[in-house]
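**Q** Handing you a structure now.
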Amino acid sequence: MIDPVSGAHIGRFVLVKKGRDAGQIAIIIEHINDSFVFIADGDKRSVDIPKQKNMNHLLLCSYVSPEVRDSILQTGRVTNGKLRYALNKFRSEYLTEEKGDDFNGERRCN
């Protein structure tokens, strides 16, 4: 299920750019209209109380969770446990953070 305007998939991972959840990774669980989606992470934002976000405030990742997508398309729901599992799998497989290699002991100015 793809939103034709924004290209956002149900089950797609997003990085929140704006708001109190900035920097958090979540999953799109429902489209509201062309500009807004509901996101959840299964922990802070549960499926029962998802966060409505403007698509302009999200950075879309290229990865779509097949478990979450299939669950929503088949049953219309997904569990918080399945969201947490998908997020942990995404973090362990696709996000790598190497510390200390870029600056070699030098200070970084912001």
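Residue numbering restarts at 1 for every chain of the structure tokens, chains are lettered A, B, ... in their displayed order, and ligands are numbered from 1 as they appear.
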So that I can see what lies close to stretch 23-36 of chain A, please list as a PDB file with C-alpha atoms, in the first residue's frame the residues with an atom at most 7 Å from it, counting only C-alpha atoms and leaving out residues fewer than 3 positions away in the same chain.
**A**
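After the write, part10.pdb holds the following:
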```pdb
ATOM      1  CA  VAL A   5       1.771  11.543  -3.598  1.00  0.00           C
ATOM      2  CA  SER A   6       4.447  11.087  -0.940  1.00  0.00           C
ATOM      3  CA  ILE A  10       2.828   1.264   5.284  1.00  0.00           C
ATOM      4  CA  GLY A  11       5.579  -0.362   7.352  1.00  0.00           C
ATOM      5  CA  ARG A  12       8.286   2.042   6.174  1.00  0.00           C
ATOM      6  CA  PHE A  13      10.857   3.268   8.670  1.00  0.00           C
ATOM      7  CA  VAL A  14      11.112   7.010   9.217  1.00  0.00           C
ATOM      8  CA  LEU A  15      13.390   9.324  11.155  1.00  0.00           C
ATOM      9  CA  VAL A  16      11.532  12.132  12.900  1.00  0.00           C
ATOM     10  CA  LYS A  17      13.142  15.497  12.041  1.00  0.00           C
ATOM     11  CA  ILE A  39       3.648   6.619  13.216  1.00  0.00           C
ATOM     12  CA  ALA A  40       4.397   4.337  16.147  1.00  0.00           C
ATOM     13  CA  ASP A  41       7.422   2.629  17.674  1.00  0.00           C
ATOM     14  CA  GLN A  52       0.154  12.050  13.791  1.00  0.00           C
ATOM     15  CA  LYS A  53       3.047  13.576  11.843  1.00  0.00           C
ATOM     16  CA  ASN A  54       3.368  15.840   8.842  1.00  0.00           C
ATOM     17  CA  MET A  55       5.297  14.124   6.036  1.00  0.00           C
TER      18      MET A  55
END
```
**Q** Assign secondary structure with DSSP using the backbone only, and return the residues of chain A in strand (DSSP E or B) as an MDAnalysis selection string.
**A** chainID A and resid 2 9 12:16 25:31 36:40 51:54 58:64
**Q** Go ahead and write the residues just picked, N, CA and C atoms, as a JSON list (two decimals), in the first residue's frame.
**A**
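Final output, result.json:
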```json
[["chain", "number", "residue", "atom", "x", "y", "z"],
["A", 2, "ILE", "N", 0.85, 1.98, -1.08],
["A", 2, "ILE", "CA", 1.71, 3.14, -1.25],
["A", 2, "ILE", "C", 0.85, 4.38, -1.40],
["A", 9, "HIS", "N", 5.26, 4.15, 2.28],
["A", 9, "HIS", "CA", 4.70, 2.82, 2.40],
["A", 9, "HIS", "C", 4.22, 2.58, 3.83],
["A", 12, "ARG", "N", 7.01, 1.40, 6.49],
["A", 12, "ARG", "CA", 8.29, 2.04, 6.17],
["A", 12, "ARG", "C", 8.87, 2.72, 7.41],
["A", 13, "PHE", "N", 10.17, 2.63, 7.56],
["A", 13, "PHE", "CA", 10.86, 3.27, 8.67],
["A", 13, "PHE", "C", 11.07, 4.74, 8.35],
["A", 14, "VAL", "N", 10.91, 5.57, 9.37],
["A", 14, "VAL", "CA", 11.11, 7.01, 9.22],
["A", 14, "VAL", "C", 11.95, 7.53, 10.38],
["A", 15, "LEU", "N", 12.67, 8.59, 10.12],
["A", 15, "LEU", "CA", 13.39, 9.32, 11.16],
["A", 15, "LEU", "C", 12.66, 10.64, 11.36],
["A", 16, "VAL", "N", 12.28, 10.91, 12.59],
["A", 16, "VAL", "CA", 11.53, 12.13, 12.90],
["A", 16, "VAL", "C", 12.52, 13.29, 12.94],
["A", 25, "ILE", "N", 13.39, 6.93, 15.68],
["A", 25, "ILE", "CA", 13.01, 6.13, 14.53],
["A", 25, "ILE", "C", 11.65, 5.51, 14.82],
["A", 26, "ALA", "N", 10.77, 5.54, 13.84],
["A", 26, "ALA", "CA", 9.43, 4.98, 13.99],
["A", 26, "ALA", "C", 9.01, 4.32, 12.68],
["A", 27, "ILE", "N", 7.81, 3.75, 12.68],
["A", 27, "ILE", "CA", 7.29, 3.05, 11.51],
["A", 27, "ILE", "C", 5.94, 3.65, 11.14],
["A", 28, "ILE", "N", 5.71, 3.86, 9.85],
["A", 28, "ILE", "CA", 4.41, 4.35, 9.38],
["A", 28, "ILE", "C", 3.41, 3.22, 9.50],
["A", 29, "ILE", "N", 2.30, 3.47, 10.23],
["A", 29, "ILE", "CA", 1.28, 2.44, 10.38],
["A", 29, "ILE", "C", -0.03, 2.78, 9.69],
["A", 30, "GLU", "N", -0.21, 4.05, 9.30],
["A", 30, "GLU", "CA", -1.45, 4.42, 8.62],
["A", 30, "GLU", "C", -1.28, 5.76, 7.91],
["A", 31, "HIS", "N", -1.95, 5.90, 6.76],
["A", 31, "HIS", "CA", -2.00, 7.17, 6.04],
["A", 31, "HIS", "C", -3.29, 7.88, 6.41],
["A", 36, "PHE", "N", -0.28, 13.80, 5.91],
["A", 36, "PHE", "CA", -0.13, 13.30, 7.27],
["A", 36, "PHE", "C", -0.19, 11.78, 7.34],
["A", 37, "VAL", "N", 0.59, 11.23, 8.28],
["A", 37, "VAL", "CA", 0.59, 9.79, 8.54],
["A", 37, "VAL", "C", 0.56, 9.58, 10.05],
["A", 38, "PHE", "N", 0.22, 8.36, 10.46],
["A", 38, "PHE", "CA", 0.36, 7.95, 11.85],
["A", 38, "PHE", "C", 1.62, 7.12, 11.95],
["A", 39, "ILE", "N", 2.44, 7.41, 12.97],
["A", 39, "ILE", "CA", 3.65, 6.62, 13.22],
["A", 39, "ILE", "C", 3.60, 6.06, 14.63],
["A", 40, "ALA", "N", 4.30, 4.95, 14.83],
["A", 40, "ALA", "CA", 4.40, 4.34, 16.15],
["A", 40, "ALA", "C", 5.73, 3.61, 16.23],
["A", 51, "LYS", "N", 1.28, 8.59, 16.84],
["A", 51, "LYS", "CA", 1.55, 10.02, 16.67],
["A", 51, "LYS", "C", 1.22, 10.43, 15.24],
["A", 52, "GLN", "N", 0.44, 11.48, 15.10],
["A", 52, "GLN", "CA", 0.15, 12.05, 13.79],
["A", 52, "GLN", "C", 1.31, 12.97, 13.43],
["A", 53, "LYS", "N", 1.92, 12.75, 12.27],
["A", 53, "LYS", "CA", 3.05, 13.58, 11.84],
["A", 53, "LYS", "C", 2.85, 14.06, 10.41],
["A", 54, "ASN", "N", 3.32, 15.27, 10.18],
["A", 54, "ASN", "CA", 3.37, 15.84, 8.84],
["A", 54, "ASN", "C", 4.50, 15.15, 8.09],
["A", 58, "LEU", "N", 9.32, 14.32, 8.46],
["A", 58, "LEU", "CA", 9.87, 12.98, 8.52],
["A", 58, "LEU", "C", 10.89, 12.77, 7.41],
["A", 59, "LEU", "N", 11.92, 11.99, 7.72],
["A", 59, "LEU", "CA", 12.89, 11.56, 6.72],
["A", 59, "LEU", "C", 12.60, 10.09, 6.44],
["A", 60, "LEU", "N", 12.19, 9.78, 5.21],
["A", 60, "LEU", "CA", 11.83, 8.41, 4.86],
["A", 60, "LEU", "C", 13.09, 7.58, 4.63],
["A", 61, "CYS", "N", 13.14, 6.42, 5.26],
["A", 61, "CYS", "CA", 14.23, 5.47, 5.03],
["A", 61, "CYS", "C", 13.81, 4.55, 3.89],
["A", 62, "SER", "N", 14.77, 3.90, 3.28],
["A", 62, "SER", "CA", 14.46, 3.04, 2.14],
["A", 62, "SER", "C", 13.96, 1.67, 2.56],
["A", 63, "TYR", "N", 14.07, 1.31, 3.84],
["A", 63, "TYR", "CA", 13.70, -0.02, 4.32],
["A", 63, "TYR", "C", 12.24, -0.06, 4.74],
["A", 64, "VAL", "N", 11.52, -1.09, 4.29],
["A", 64, "VAL", "CA", 10.14, -1.34, 4.69],
["A", 64, "VAL", "C", 10.12, -2.69, 5.40]]
```
**Q** Might you pull out every residue within 12 Å of A:Lys89, with only C-alpha atoms counted and same-chain residues fewer than 2 positions away left off, and present them as number ranges by chain?
**A** A: 13, 63-67, 82-87, 91-95
**Q** Using only C-alpha atoms, pick whichever of A:Thr96, A:His57, A:Phe90, A:Ser46 has the shortest atom-to-atom distance to A:Arg77.
**A**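 Looking only at the distances to A:Arg77, the closest residue turns out to be A:Ser46.
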**Q** Identify, with DSSP run on backbone atoms, the residues in chain A assigned to helix (DSSP H, G or I), and express the list as number ranges by chain.
**A** A: 55-57, 66-75, 80-94
**Q** Would you save the residues of that selection, restricted to C-alpha atoms, as a compact mmCIF listing (two decimals), in the first residue's frame?
**A**
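Output saved as selection33.txt:
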```
# COMPACT_ATOMS: atom_id res chain seq x y z
CA MET A 55 5.30 14.12 6.04
CA ASN A 56 7.53 17.21 5.76
CA HIS A 57 8.75 16.54 9.31
CA PRO A 66 7.72 -6.93 5.66
CA GLU A 67 6.43 -8.26 9.00
CA VAL A 68 4.71 -5.00 9.91
CA ARG A 69 3.41 -4.34 6.40
CA ASP A 70 1.95 -7.84 6.01
CA SER A 71 0.34 -7.76 9.45
CA ILE A 72 -1.36 -4.42 8.79
CA LEU A 73 -2.51 -5.39 5.30
CA GLN A 74 -3.86 -8.81 6.38
CA THR A 75 -5.45 -8.04 9.75
CA ASN A 80 3.55 -3.29 19.81
CA GLY A 81 5.84 -6.28 20.19
CA LYS A 82 6.09 -6.70 16.43
CA LEU A 83 6.96 -3.01 16.05
CA ARG A 84 9.67 -3.25 18.72
CA TYR A 85 11.07 -6.40 17.08
CA ALA A 86 11.18 -4.71 13.65
CA LEU A 87 12.85 -1.59 15.07
CA ASN A 88 15.49 -3.62 16.93
CA LYS A 89 16.18 -5.65 13.78
CA PHE A 90 16.50 -2.44 11.73
CA ARG A 91 18.86 -0.85 14.26
CA SER A 92 21.10 -3.91 14.47
CA GLU A 93 21.29 -4.57 10.72
CA TYR A 94 21.22 -1.14 9.10
```
